[in-house]
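Have a look at the structure below before the remarks.
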Amino acid sequence: MTDATPLTTDGLVQILFGSSAFQMLNAGRNLGLFPLLHRRPGLTPQEIGQELDLAERPVQILLLGTTALGLTMRQGHGYFNADVLEGKFADGTWEIIEDLIEYEERIVRPAEVDFTESLRQNTNVGLRRIKGNGTDLYHRLSEDPGLEQLFYRCMRSWSRLSNPVLVERADLTGVRRVLDIGGGDGVNAIALAQANPGVEFTVLDLPGTVEIARRKIDEHGLAGRISVRAADIFADPYPPGHDCVLFANQLVIWSPQQNVRLLRKAHAALPDGGRVLVFNAMSDDSGDGPLYAALDNVYFATLPAASSTIYRWGQYEEWFAEAGFVKPERLPGGRWTPHGVLSAVK
């Protein structure tokens, strides 16, 4: 039995109009409502309309939606941001939320219309919404530098949201060099390098991506400790000399067979006693939660690659054993996103 709260009619309405709920959030971001109410809380609808250059009718529609959803609240004639939004402004994470909203709007939402067909065909039908010839999102992005930059900027924000879990839970005690497989723009290697001063890193990814990573690494002054190497993570050999291999937000992209193949490559590249780390969102072994994983799986089913999904904790442990790793350990993050770290030893 699931521990989820029983569905009510109000809950059904929110699901039925879920796309509309997102559009209210998206409009509040695009029009600047939330930053405005952060700077000037308590504005009336008339004042909001003047500040946002909106007529009376659009202001009424917008405030009805944001307030009914709990994004804003009314006191007398004045409107305020919800406490949770104000918390994001206070801790400096509102810019992350804005990036996530833009990511959903420009990359995820166009592909989500193909969710049902993706389930029918058991493949990422939504990829057809991204121009290019590659069979996965990442190769197609490499053909569109502008969209690729947007993607990795938004991925960096996702990583800023979840990387505290990686930094807290990834034990690099005794590790000298980490190979970051599919390391993207270097955000994970940068975060770990800052937290582990004695450790060096190599980011392995596609040619266009590692160029982005090189610039980010230089900006953080870490070129002496983080190197980059262009490669296809399936076709090319992994460089030697590393005693830890990291798969950060990577194994959710591929099929179980492909994940075992990647883990075997990691096993072959590591010395005896070397460590493998897997970091990403996890699904419960029960198969009925958490909600974050369930909803995020719409994206994974429709866009990244043919077999992308948020896997259960236990599946990774099975793949570790199949690839030759021992001593698996689960390290849940304990935050509102279901990210965690799994480790094992060669």
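Chains: A, B, ... in order of the structure tokens. Residues: from 1 per chain. Ligands: from 1, in order shown.
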
Exercise for review: Give me the residues within 12 Å of Ala235 of chain A as a ChimeraX atom specification, counting only C-alpha atoms and dropping any in the same chain fewer than 2 places off.
Suggested key: /A:205-206,230-233,237-238,258,261-262,265

Check your understanding: Do you know which residues are at most 12 Å from Arg275 of chain A counting only C-alpha atoms, after dropping those on the same chain fewer than 5 positions away, and could you put them as a VMD selection string?
Key -> chain A and resid 170 to 179 242 to 247 263 266 to 270 320 324 to 329 342 to 346

Review point. From the set A:Thr44, A:Asn26, A:Ser118, A:Gln50, which residue has the shortest atom-to-atom contact distance to Arg106 of chain A, counting only C-alpha atoms?
Key: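 Ranked by minimum distance to Arg106 of chain A, first place goes to A:Asn26.
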
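Residue neighbourhood of Leu251 of chain A, excluding near-sequence residues (fewer than 5 positions): Asn259, Val278 and Asn280 of chain A, at 8 Å, using only C-alpha atoms.
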
Check your understanding: Which one of A:Ala90, A:Leu43, A:Ala55, A:Leu295 sits closest to Gly76 of chain A if you count only C-alpha atoms?
Key ->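 Between A:Ala90, A:Leu43, A:Ala55, A:Leu295, the residue approaching Gly76 of chain A most closely is A:Leu43.
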
Practice item. Determine which residues of segment 136-252 of chain A DSSP labels as strand (DSSP E) from the backbone of this structure, then write them out as a PyMOL selection string. Key: chain A and resi 177-181+200-205+226-230+244-248

**Study point:** atom CA of Asp136 of chain A to atom CA of Ile101 of chain A, straight-line distance in Å
**Key:**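 We find that atom CA of Ile101 of chain A and atom CA of Asp136 of chain A lie 22.4 Å from each other.
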
Point to revise | Distance query segment 218-226 of chain A at most 8 Å, only C-alpha atoms, self and fewer than 3 positions along chain excluded, as a list in words | key: Ala189, Ile190, Ala193, Val199, Glu200, Phe201, Thr202, Val203, Arg214 and Arg215 of chain A

As a PDB file with N, CA, C and O atoms, in the first residue's frame, please: the residues near Tyr292 of chain A (cut-off 10 Å, only C-alpha atoms, same-chain neighbours under 6 positions excluded).
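Listed below is the output, part-v4.pdb:
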```pdb
ATOM      1  N   ALA A 281      18.513  11.184  -8.893  1.00  0.00           N
ATOM      2  CA  ALA A 281      17.243  10.940  -8.220  1.00  0.00           C
ATOM      3  C   ALA A 281      16.940   9.447  -8.245  1.00  0.00           C
ATOM      4  O   ALA A 281      17.264   8.754  -9.215  1.00  0.00           O
ATOM      5  N   MET A 282      16.332   8.959  -7.182  1.00  0.00           N
ATOM      6  CA  MET A 282      16.014   7.539  -7.054  1.00  0.00           C
ATOM      7  C   MET A 282      14.517   7.344  -6.828  1.00  0.00           C
ATOM      8  O   MET A 282      13.855   8.169  -6.182  1.00  0.00           O
ATOM      9  N   SER A 283      14.014   6.228  -7.322  1.00  0.00           N
ATOM     10  CA  SER A 283      12.648   5.810  -7.038  1.00  0.00           C
ATOM     11  C   SER A 283      12.667   4.819  -5.879  1.00  0.00           C
ATOM     12  O   SER A 283      13.644   4.079  -5.695  1.00  0.00           O
ATOM     13  N   TRP A 336      14.128  17.495  -0.181  1.00  0.00           N
ATOM     14  CA  TRP A 336      12.821  17.432  -0.845  1.00  0.00           C
ATOM     15  C   TRP A 336      12.919  16.803  -2.223  1.00  0.00           C
ATOM     16  O   TRP A 336      11.913  16.341  -2.752  1.00  0.00           O
ATOM     17  N   THR A 337      14.097  16.787  -2.817  1.00  0.00           N
ATOM     18  CA  THR A 337      14.289  16.017  -4.047  1.00  0.00           C
ATOM     19  C   THR A 337      14.836  14.652  -3.652  1.00  0.00           C
ATOM     20  O   THR A 337      15.619  14.557  -2.701  1.00  0.00           O
ATOM     21  N   PRO A 338      14.445  13.569  -4.366  1.00  0.00           N
ATOM     22  CA  PRO A 338      14.856  12.224  -3.949  1.00  0.00           C
ATOM     23  C   PRO A 338      16.238  11.823  -4.446  1.00  0.00           C
ATOM     24  O   PRO A 338      16.462  10.706  -4.906  1.00  0.00           O
TER      25      PRO A 338
END
```
